[in-house]
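Participant: First the structure, which I've put down as structure tokens, then a few questions once you've had a look.
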Amino acid sequence: MKLTKDQVAAVVNEASAKMGDPNYSAVLVGGFVQAQTPVAQFISAHERELGGAEAIVNVIFHCALVAQAFQRAGGRVRTLSYEDLDAAARGEPLVRLEKAQLPLHEFIKANVENEEAQKLFALIALAIDGAS
């Protein structure tokens with residue numbers, strides 16, 4: 001399912017509005033970790049490339065927003081497996097995401113500074129896209 005720029009923007013704008021609530025990001029990240037344990041473990045395994053625990057939480061937060069965008073667009077986001085992540089890892093994830101889901105690619109480039117985090121985030125976005 002192709003997401004539109006408006007669908008992604010709606011989720012991002014809502015998240016921005018809720019960031020004043022200190023519990024919002026903790027609940028969003030915690031919920032994603034519980035629902036997507038293999039993804040959270042996969043992200044955590046990249047701690048060295050990402051630069052530490054804060055960067056891991058940042059990637060998980062943004063992945064949770066992507067999952068919300070797919071859910072609100074009518075997609076069902078099932079728990080991803082390591083096989084889903086392996087399948088999404090083929091080729092250059094940012095280039096593939098730009099072709100598959102341009103609004104998500106633009107979101108990543110605008111909101112994630114670390115290049116390794118961008119690649120990891122794009123890979124997970126592709127896996128969510130492939131599974132929804």
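Residue numbers start at 1 in each chain; chains themselves are named A, B, ... in the order of the structure tokens; ligands are numbered from 1 in the order shown.
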Residues of segment 55-103 of chain A within 7 Å of segment 119-126 of chain A: nearest atom pair and distance (Å, one decimal) for each, counting only C-alpha atoms, sorted by chain and number, as JSON lines?
Facilitator:
```
{"residue": "A:Val59", "atom": "CA", "partner": "A:Phe121", "partner_atom": "CA", "distance": 6.3}
{"residue": "A:Cys63", "atom": "CA", "partner": "A:Phe121", "partner_atom": "CA", "distance": 6.6}
{"residue": "A:Val66", "atom": "CA", "partner": "A:Ala125", "partner_atom": "CA", "distance": 6.7}
{"residue": "A:Leu85", "atom": "CA", "partner": "A:Ile124", "partner_atom": "CA", "distance": 6.8}
{"residue": "A:Ala88", "atom": "CA", "partner": "A:Leu123", "partner_atom": "CA", "distance": 5.8}
{"residue": "A:Ala89", "atom": "CA", "partner": "A:Leu123", "partner_atom": "CA", "distance": 6.0}
{"residue": "A:Pro93", "atom": "CA", "partner": "A:Leu123", "partner_atom": "CA", "distance": 5.2}
{"residue": "A:Leu94", "atom": "CA", "partner": "A:Ala122", "partner_atom": "CA", "distance": 5.6}
{"residue": "A:Leu97", "atom": "CA", "partner": "A:Ala122", "partner_atom": "CA", "distance": 6.2}
```
Participant: Would you list, as JSON, numbers by chain, the residues of chain A that end up in alpha helix (DSSP H) under DSSP run on this structure's backbone?
Facilitator: {"A": [5, 6, 7, 8, 9, 10, 11, 12, 13, 14, 15, 16, 17, 18, 22, 23, 24, 25, 26, 27, 28, 29, 30, 31, 32, 33, 34, 35, 37, 38, 39, 40, 41, 42, 43, 44, 47, 48, 49, 50, 53, 54, 55, 56, 57, 58, 59, 60, 61, 62, 63, 64, 65, 66, 67, 68, 69, 70, 71, 72, 82, 83, 84, 85, 86, 87, 88, 93, 94, 95, 96, 97, 98, 99, 100, 102, 103, 104, 105, 106, 107, 108, 109, 110, 111, 115, 116, 117, 118, 119, 120, 121, 122, 123, 124, 125, 126, 127, 128, 129, 130, 131]}
Participant: Between atom CA of Leu65 of chain A and atom CA of Val11 of chain A, what is the spacing in Å?
Facilitator: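 If I compute the distance from atom CA of Val11 of chain A to atom CA of Leu65 of chain A, I get 6.7 Å.
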Participant: At a cut-off of 10 Å, using only C-alpha atoms, what residues contact Ala117 of chain A? Leave out same-chain residues fewer than 2 positions from it and give the result as a compact mmCIF listing (two decimals) with all heavy atoms, in the first residue's frame.
Facilitator:
```txt
# COMPACT_ATOMS: atom_id res chain seq x y z
N ILE A 43 17.37 -3.52 15.89
CA ILE A 43 17.86 -2.15 16.03
C ILE A 43 18.92 -2.08 17.12
O ILE A 43 19.98 -1.47 16.94
CB ILE A 43 16.69 -1.18 16.33
CG1 ILE A 43 15.73 -1.11 15.13
CG2 ILE A 43 17.22 0.22 16.68
CD1 ILE A 43 14.42 -0.41 15.44
N HIS A 46 22.52 -2.81 16.47
CA HIS A 46 23.27 -1.82 15.71
C HIS A 46 23.70 -0.63 16.58
O HIS A 46 23.96 0.46 16.07
CB HIS A 46 22.43 -1.33 14.52
CG HIS A 46 22.26 -2.36 13.47
ND1 HIS A 46 21.28 -3.32 13.53
CD2 HIS A 46 22.97 -2.61 12.35
CE1 HIS A 46 21.38 -4.11 12.48
NE2 HIS A 46 22.40 -3.72 11.75
N GLU A 47 23.80 -0.85 17.87
CA GLU A 47 24.13 0.24 18.79
C GLU A 47 25.43 0.94 18.42
O GLU A 47 25.51 2.17 18.43
CB GLU A 47 24.22 -0.30 20.23
CG GLU A 47 24.55 0.79 21.24
CD GLU A 47 24.62 0.26 22.65
OE1 GLU A 47 24.58 -0.96 22.88
OE2 GLU A 47 24.73 1.12 23.54
N GLU A 49 26.96 1.26 15.49
CA GLU A 49 26.83 2.09 14.28
C GLU A 49 25.96 3.32 14.54
O GLU A 49 26.18 4.37 13.95
CB GLU A 49 26.20 1.30 13.12
CG GLU A 49 27.01 0.11 12.68
CD GLU A 49 26.47 -1.19 13.26
OE1 GLU A 49 26.29 -1.26 14.50
OE2 GLU A 49 26.24 -2.13 12.50
N LEU A 50 24.97 3.17 15.41
CA LEU A 50 24.04 4.26 15.67
C LEU A 50 24.60 5.29 16.65
O LEU A 50 24.21 6.45 16.63
CB LEU A 50 22.71 3.72 16.20
CG LEU A 50 21.92 2.85 15.23
CD1 LEU A 50 20.70 2.27 15.90
CD2 LEU A 50 21.52 3.65 13.99
N GLY A 51 25.47 4.84 17.55
CA GLY A 51 26.08 5.77 18.48
C GLY A 51 25.53 5.73 19.88
O GLY A 51 25.73 6.66 20.65
N ALA A 55 20.21 6.92 20.39
CA ALA A 55 19.97 6.76 18.96
C ALA A 55 19.07 5.56 18.68
O ALA A 55 18.24 5.61 17.77
CB ALA A 55 21.29 6.62 18.21
N ILE A 56 19.21 4.50 19.46
CA ILE A 56 18.34 3.33 19.31
C ILE A 56 16.90 3.72 19.59
O ILE A 56 15.99 3.39 18.82
CB ILE A 56 18.81 2.19 20.24
CG1 ILE A 56 20.12 1.61 19.73
CG2 ILE A 56 17.74 1.10 20.34
CD1 ILE A 56 20.78 0.66 20.70
N ASN A 58 15.62 6.64 19.39
CA ASN A 58 15.20 7.55 18.32
C ASN A 58 14.72 6.76 17.10
O ASN A 58 13.68 7.07 16.52
CB ASN A 58 16.35 8.49 17.97
CG ASN A 58 15.96 9.59 17.03
OD1 ASN A 58 15.33 9.35 16.00
ND2 ASN A 58 16.35 10.80 17.36
N VAL A 59 15.47 5.75 16.69
CA VAL A 59 15.08 4.93 15.54
C VAL A 59 13.77 4.19 15.84
O VAL A 59 12.88 4.14 15.00
CB VAL A 59 16.20 3.96 15.13
CG1 VAL A 59 15.72 2.96 14.07
CG2 VAL A 59 17.41 4.73 14.61
N ILE A 108 12.30 10.43 6.47
CA ILE A 108 13.59 10.00 7.04
C ILE A 108 14.66 11.05 6.78
O ILE A 108 15.39 11.44 7.69
CB ILE A 108 14.03 8.65 6.44
CG1 ILE A 108 13.11 7.52 6.94
CG2 ILE A 108 15.48 8.34 6.79
CD1 ILE A 108 13.33 6.20 6.23
N VAL A 112 15.97 12.46 10.35
CA VAL A 112 17.00 11.61 10.92
C VAL A 112 18.35 12.04 10.34
O VAL A 112 18.56 11.94 9.13
CB VAL A 112 16.72 10.11 10.61
CG1 VAL A 112 17.80 9.21 11.19
CG2 VAL A 112 15.34 9.71 11.13
N GLU A 113 19.24 12.52 11.21
CA GLU A 113 20.53 13.05 10.75
C GLU A 113 21.57 11.97 10.48
O GLU A 113 22.29 12.02 9.50
CB GLU A 113 21.08 14.03 11.77
CG GLU A 113 20.27 15.30 11.89
CD GLU A 113 20.85 16.26 12.91
OE1 GLU A 113 22.04 16.13 13.26
OE2 GLU A 113 20.10 17.13 13.35
N ASN A 114 21.66 10.99 11.38
CA ASN A 114 22.69 9.96 11.29
C ASN A 114 22.44 9.08 10.06
O ASN A 114 21.37 8.49 9.91
CB ASN A 114 22.64 9.12 12.58
CG ASN A 114 23.65 8.01 12.61
OD1 ASN A 114 23.74 7.20 11.70
ND2 ASN A 114 24.40 7.94 13.70
N GLU A 115 23.44 8.98 9.20
CA GLU A 115 23.28 8.23 7.95
C GLU A 115 23.03 6.74 8.20
O GLU A 115 22.22 6.12 7.51
CB GLU A 115 24.52 8.41 7.07
CG GLU A 115 24.33 7.85 5.68
CD GLU A 115 25.50 8.15 4.75
OE1 GLU A 115 26.15 9.20 4.93
OE2 GLU A 115 25.75 7.31 3.86
N LYS A 119 19.65 4.53 7.09
CA LYS A 119 19.64 3.25 6.37
C LYS A 119 18.87 2.19 7.14
O LYS A 119 18.07 1.44 6.56
CB LYS A 119 21.08 2.77 6.13
CG LYS A 119 21.85 3.60 5.14
CD LYS A 119 23.28 3.11 5.04
CE LYS A 119 24.10 4.00 4.14
NZ LYS A 119 25.51 3.59 4.09
N LEU A 120 19.09 2.13 8.44
CA LEU A 120 18.40 1.15 9.28
C LEU A 120 16.90 1.43 9.31
O LEU A 120 16.08 0.51 9.16
CB LEU A 120 18.98 1.19 10.69
CG LEU A 120 18.47 0.15 11.68
CD1 LEU A 120 18.74 -1.27 11.17
CD2 LEU A 120 19.14 0.35 13.03
N PHE A 121 16.55 2.67 9.47
CA PHE A 121 15.15 3.08 9.48
C PHE A 121 14.49 2.76 8.14
O PHE A 121 13.36 2.25 8.09
CB PHE A 121 15.10 4.58 9.80
CG PHE A 121 13.74 5.18 9.94
CD1 PHE A 121 12.61 4.42 10.17
CD2 PHE A 121 13.59 6.54 9.86
CE1 PHE A 121 11.37 5.00 10.30
CE2 PHE A 121 12.36 7.14 9.98
CZ PHE A 121 11.24 6.36 10.20
N ALA A 122 15.18 3.03 7.03
CA ALA A 122 14.64 2.73 5.71
C ALA A 122 14.42 1.23 5.53
O ALA A 122 13.39 0.79 5.00
CB ALA A 122 15.58 3.25 4.62
N LEU A 123 15.37 0.44 6.02
CA LEU A 123 15.24 -1.03 5.93
C LEU A 123 13.98 -1.50 6.69
O LEU A 123 13.20 -2.31 6.18
CB LEU A 123 16.49 -1.67 6.50
CG LEU A 123 16.60 -3.19 6.40
CD1 LEU A 123 18.06 -3.59 6.34
CD2 LEU A 123 15.93 -3.89 7.54
```
Participant: Interatomic distance between atom CA of Glu92 of chain A and atom CA of His62 of chain A?
Facilitator: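 Atom CA of Glu92 of chain A sits 19.3 Å away from atom CA of His62 of chain A.
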Participant: Could you list, as a list in words, every residue within 12 Å of Val33 of chain A, counting only C-alpha atoms and ignoring same-chain residues fewer than 4 positions away?
Facilitator: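 The contact residues come out as Ala26, Val27, Leu28, Val29, Thr37, Pro38, Val39, Ala40, Gln41, Phe42, Ile43, Ser44, Ile56, Val57, Val59, Ile60, Phe61, Cys63, Ala64, Ala67, Thr79 and Leu80 of chain A.
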Participant: Go ahead and write the residues just picked, all heavy atoms, as a short mmCIF file (atom, residue, chain, number, x, y, z; two decimals), in the first residue's frame.
Facilitator:
```
data_model
loop_
_atom_site.label_atom_id
_atom_site.label_comp_id
_atom_site.auth_asym_id
_atom_site.auth_seq_id
_atom_site.Cartn_x
_atom_site.Cartn_y
_atom_site.Cartn_z
N ALA A 26 7.57 7.67 25.51
CA ALA A 26 7.85 6.42 26.25
C ALA A 26 6.80 5.36 25.94
O ALA A 26 7.13 4.19 25.73
CB ALA A 26 7.90 6.69 27.75
N VAL A 27 5.53 5.76 25.90
CA VAL A 27 4.45 4.82 25.60
C VAL A 27 4.56 4.34 24.15
O VAL A 27 4.40 3.15 23.86
CB VAL A 27 3.08 5.45 25.89
CG1 VAL A 27 1.94 4.60 25.35
CG2 VAL A 27 2.91 5.69 27.39
N LEU A 28 4.84 5.26 23.24
CA LEU A 28 4.95 4.89 21.82
C LEU A 28 6.10 3.91 21.60
O LEU A 28 5.94 2.88 20.96
CB LEU A 28 5.14 6.15 20.97
CG LEU A 28 5.11 5.94 19.46
CD1 LEU A 28 3.73 5.49 19.00
CD2 LEU A 28 5.49 7.24 18.76
N VAL A 29 7.26 4.22 22.17
CA VAL A 29 8.43 3.35 22.03
C VAL A 29 8.19 2.01 22.70
O VAL A 29 8.45 0.96 22.13
CB VAL A 29 9.70 4.05 22.56
CG1 VAL A 29 10.86 3.06 22.69
CG2 VAL A 29 10.10 5.20 21.67
N THR A 37 9.11 -7.03 18.85
CA THR A 37 10.32 -7.41 19.57
C THR A 37 11.48 -7.76 18.65
O THR A 37 12.61 -7.29 18.87
CB THR A 37 10.01 -8.57 20.54
OG1 THR A 37 8.99 -8.13 21.45
CG2 THR A 37 11.24 -8.97 21.34
N PRO A 38 11.29 -8.54 17.59
CA PRO A 38 12.44 -8.82 16.71
C PRO A 38 13.04 -7.55 16.09
O PRO A 38 14.26 -7.45 15.95
CB PRO A 38 11.86 -9.74 15.62
CG PRO A 38 10.68 -10.38 16.28
CD PRO A 38 10.11 -9.33 17.18
N VAL A 39 12.18 -6.59 15.75
CA VAL A 39 12.68 -5.34 15.17
C VAL A 39 13.49 -4.58 16.21
O VAL A 39 14.58 -4.07 15.92
CB VAL A 39 11.52 -4.48 14.63
CG1 VAL A 39 12.03 -3.13 14.15
CG2 VAL A 39 10.78 -5.20 13.51
N ALA A 40 12.97 -4.50 17.43
CA ALA A 40 13.68 -3.80 18.50
C ALA A 40 15.04 -4.45 18.77
O ALA A 40 16.05 -3.76 18.97
CB ALA A 40 12.83 -3.77 19.77
N GLN A 41 15.08 -5.77 18.75
CA GLN A 41 16.35 -6.47 18.96
C GLN A 41 17.31 -6.20 17.81
O GLN A 41 18.51 -6.02 18.02
CB GLN A 41 16.10 -7.97 19.12
CG GLN A 41 15.38 -8.32 20.41
CD GLN A 41 14.92 -9.77 20.46
OE1 GLN A 41 14.81 -10.44 19.44
NE2 GLN A 41 14.62 -10.24 21.66
N PHE A 42 16.78 -6.18 16.60
CA PHE A 42 17.58 -5.90 15.41
C PHE A 42 18.19 -4.50 15.50
O PHE A 42 19.38 -4.29 15.23
CB PHE A 42 16.71 -6.05 14.16
CG PHE A 42 17.42 -5.80 12.87
CD1 PHE A 42 18.28 -6.75 12.35
CD2 PHE A 42 17.21 -4.63 12.17
CE1 PHE A 42 18.94 -6.53 11.14
CE2 PHE A 42 17.86 -4.40 10.97
CZ PHE A 42 18.72 -5.34 10.45
N ILE A 43 17.37 -3.52 15.89
CA ILE A 43 17.86 -2.15 16.03
C ILE A 43 18.92 -2.08 17.12
O ILE A 43 19.98 -1.47 16.94
CB ILE A 43 16.69 -1.18 16.33
CG1 ILE A 43 15.73 -1.11 15.13
CG2 ILE A 43 17.22 0.22 16.68
CD1 ILE A 43 14.42 -0.41 15.44
N SER A 44 18.66 -2.72 18.25
CA SER A 44 19.61 -2.70 19.37
C SER A 44 20.95 -3.32 18.99
O SER A 44 22.00 -2.91 19.51
CB SER A 44 19.02 -3.44 20.57
OG SER A 44 17.89 -2.76 21.05
N ILE A 56 19.21 4.50 19.46
CA ILE A 56 18.34 3.33 19.31
C ILE A 56 16.90 3.72 19.59
O ILE A 56 15.99 3.39 18.82
CB ILE A 56 18.81 2.19 20.24
CG1 ILE A 56 20.12 1.61 19.73
CG2 ILE A 56 17.74 1.10 20.34
CD1 ILE A 56 20.78 0.66 20.70
N VAL A 57 16.68 4.43 20.68
CA VAL A 57 15.33 4.87 21.03
C VAL A 57 14.77 5.79 19.94
O VAL A 57 13.60 5.69 19.57
CB VAL A 57 15.32 5.57 22.41
CG1 VAL A 57 13.97 6.20 22.70
CG2 VAL A 57 15.70 4.58 23.50
N VAL A 59 15.47 5.75 16.69
CA VAL A 59 15.08 4.93 15.54
C VAL A 59 13.77 4.19 15.84
O VAL A 59 12.88 4.14 15.00
CB VAL A 59 16.20 3.96 15.13
CG1 VAL A 59 15.72 2.96 14.07
CG2 VAL A 59 17.41 4.73 14.61
N ILE A 60 13.66 3.63 17.03
CA ILE A 60 12.44 2.91 17.39
C ILE A 60 11.25 3.86 17.37
O ILE A 60 10.17 3.52 16.86
CB ILE A 60 12.59 2.22 18.76
CG1 ILE A 60 13.59 1.07 18.65
CG2 ILE A 60 11.24 1.71 19.27
CD1 ILE A 60 13.97 0.43 19.99
N PHE A 61 11.42 5.07 17.90
CA PHE A 61 10.34 6.06 17.89
C PHE A 61 9.87 6.33 16.47
O PHE A 61 8.67 6.31 16.18
CB PHE A 61 10.83 7.36 18.56
CG PHE A 61 9.83 8.47 18.51
CD1 PHE A 61 8.79 8.52 19.43
CD2 PHE A 61 9.91 9.47 17.55
CE1 PHE A 61 7.86 9.54 19.39
CE2 PHE A 61 8.99 10.49 17.50
CZ PHE A 61 7.95 10.55 18.42
N CYS A 63 10.29 4.47 13.81
CA CYS A 63 9.67 3.26 13.24
C CYS A 63 8.23 3.11 13.73
O CYS A 63 7.35 2.68 12.97
CB CYS A 63 10.49 2.03 13.60
SG CYS A 63 12.07 1.94 12.73
N ALA A 64 8.00 3.46 14.98
CA ALA A 64 6.63 3.40 15.52
C ALA A 64 5.72 4.36 14.77
O ALA A 64 4.55 4.04 14.51
CB ALA A 64 6.64 3.72 17.02
N ALA A 67 4.82 2.71 11.48
CA ALA A 67 3.80 1.69 11.69
C ALA A 67 2.42 2.33 11.87
O ALA A 67 1.43 1.84 11.31
CB ALA A 67 4.15 0.82 12.90
N THR A 79 3.49 -8.51 13.40
CA THR A 79 4.82 -8.59 14.00
C THR A 79 5.80 -9.08 12.94
O THR A 79 5.59 -10.12 12.32
CB THR A 79 4.82 -9.54 15.21
OG1 THR A 79 3.88 -9.04 16.17
CG2 THR A 79 6.19 -9.62 15.84
N LEU A 80 6.84 -8.31 12.73
CA LEU A 80 7.83 -8.67 11.73
C LEU A 80 8.76 -9.75 12.26
O LEU A 80 9.07 -9.78 13.45
CB LEU A 80 8.65 -7.44 11.33
CG LEU A 80 7.87 -6.30 10.70
CD1 LEU A 80 8.79 -5.10 10.48
CD2 LEU A 80 7.22 -6.71 9.41
#
```
Participant: When you count only C-alpha atoms, which of these residues is closest to Asp86 of chain A: A:Ala10, A:Ala35, A:Met19, A:Ala127?
Facilitator: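 Checking each candidate against Asp86 of chain A, we get A:Ala127 as the closest.
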Participant: Tell me which of A:Val95, A:Asn111, A:Ala87, A:His105 sits closest to Ser16 of chain A, counting only C-alpha atoms.
Facilitator: A:Asn111
Participant: What's around Val12 of chain A at 9 Å? Count only C-alpha atoms, leave out sequence neighbours fewer than 3 positions away in its own chain, and write the answer as a PyMOL selection string.
Facilitator: chain A and resi 7-9+15-17+65+69+107
Participant: Keeping only C-alpha atoms, write those residues as an mmCIF file, in the first residue's frame.
Facilitator:
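Below is the file result_6.cif, written as the result:
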```
data_model
loop_
_atom_site.group_PDB
_atom_site.id
_atom_site.type_symbol
_atom_site.label_atom_id
_atom_site.label_comp_id
_atom_site.auth_asym_id
_atom_site.auth_seq_id
_atom_site.Cartn_x
_atom_site.Cartn_y
_atom_site.Cartn_z
ATOM 1 C CA GLN A 7 -0.989 10.403 5.556
ATOM 2 C CA VAL A 8 2.616 10.575 6.752
ATOM 3 C CA ALA A 9 2.307 14.281 7.606
ATOM 4 C CA ALA A 15 3.301 13.251 17.201
ATOM 5 C CA SER A 16 4.727 16.767 17.245
ATOM 6 C CA ALA A 17 1.663 18.040 19.061
ATOM 7 C CA LEU A 65 5.431 6.467 13.613
ATOM 8 C CA ALA A 69 1.008 5.667 9.301
ATOM 9 C CA PHE A 107 10.367 11.868 6.238
#
```
Participant: Pick out the closest residue to Gly74 of chain A from this set: A:Tyr24, A:Asn13, A:Ser132, A:Gln36. Count only C-alpha atoms.
Facilitator: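 Using only C-alpha atoms, Gly74 of chain A sits closest to A:Ser132.
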Participant: Using only C-alpha atoms, pick whichever of A:Gln101, A:Gly30, A:Asp6, A:Glu54 has the shortest atom-to-atom distance to Arg72 of chain A.
Facilitator: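 Selected residue with least distance to Arg72 of chain A: A:Asp6.
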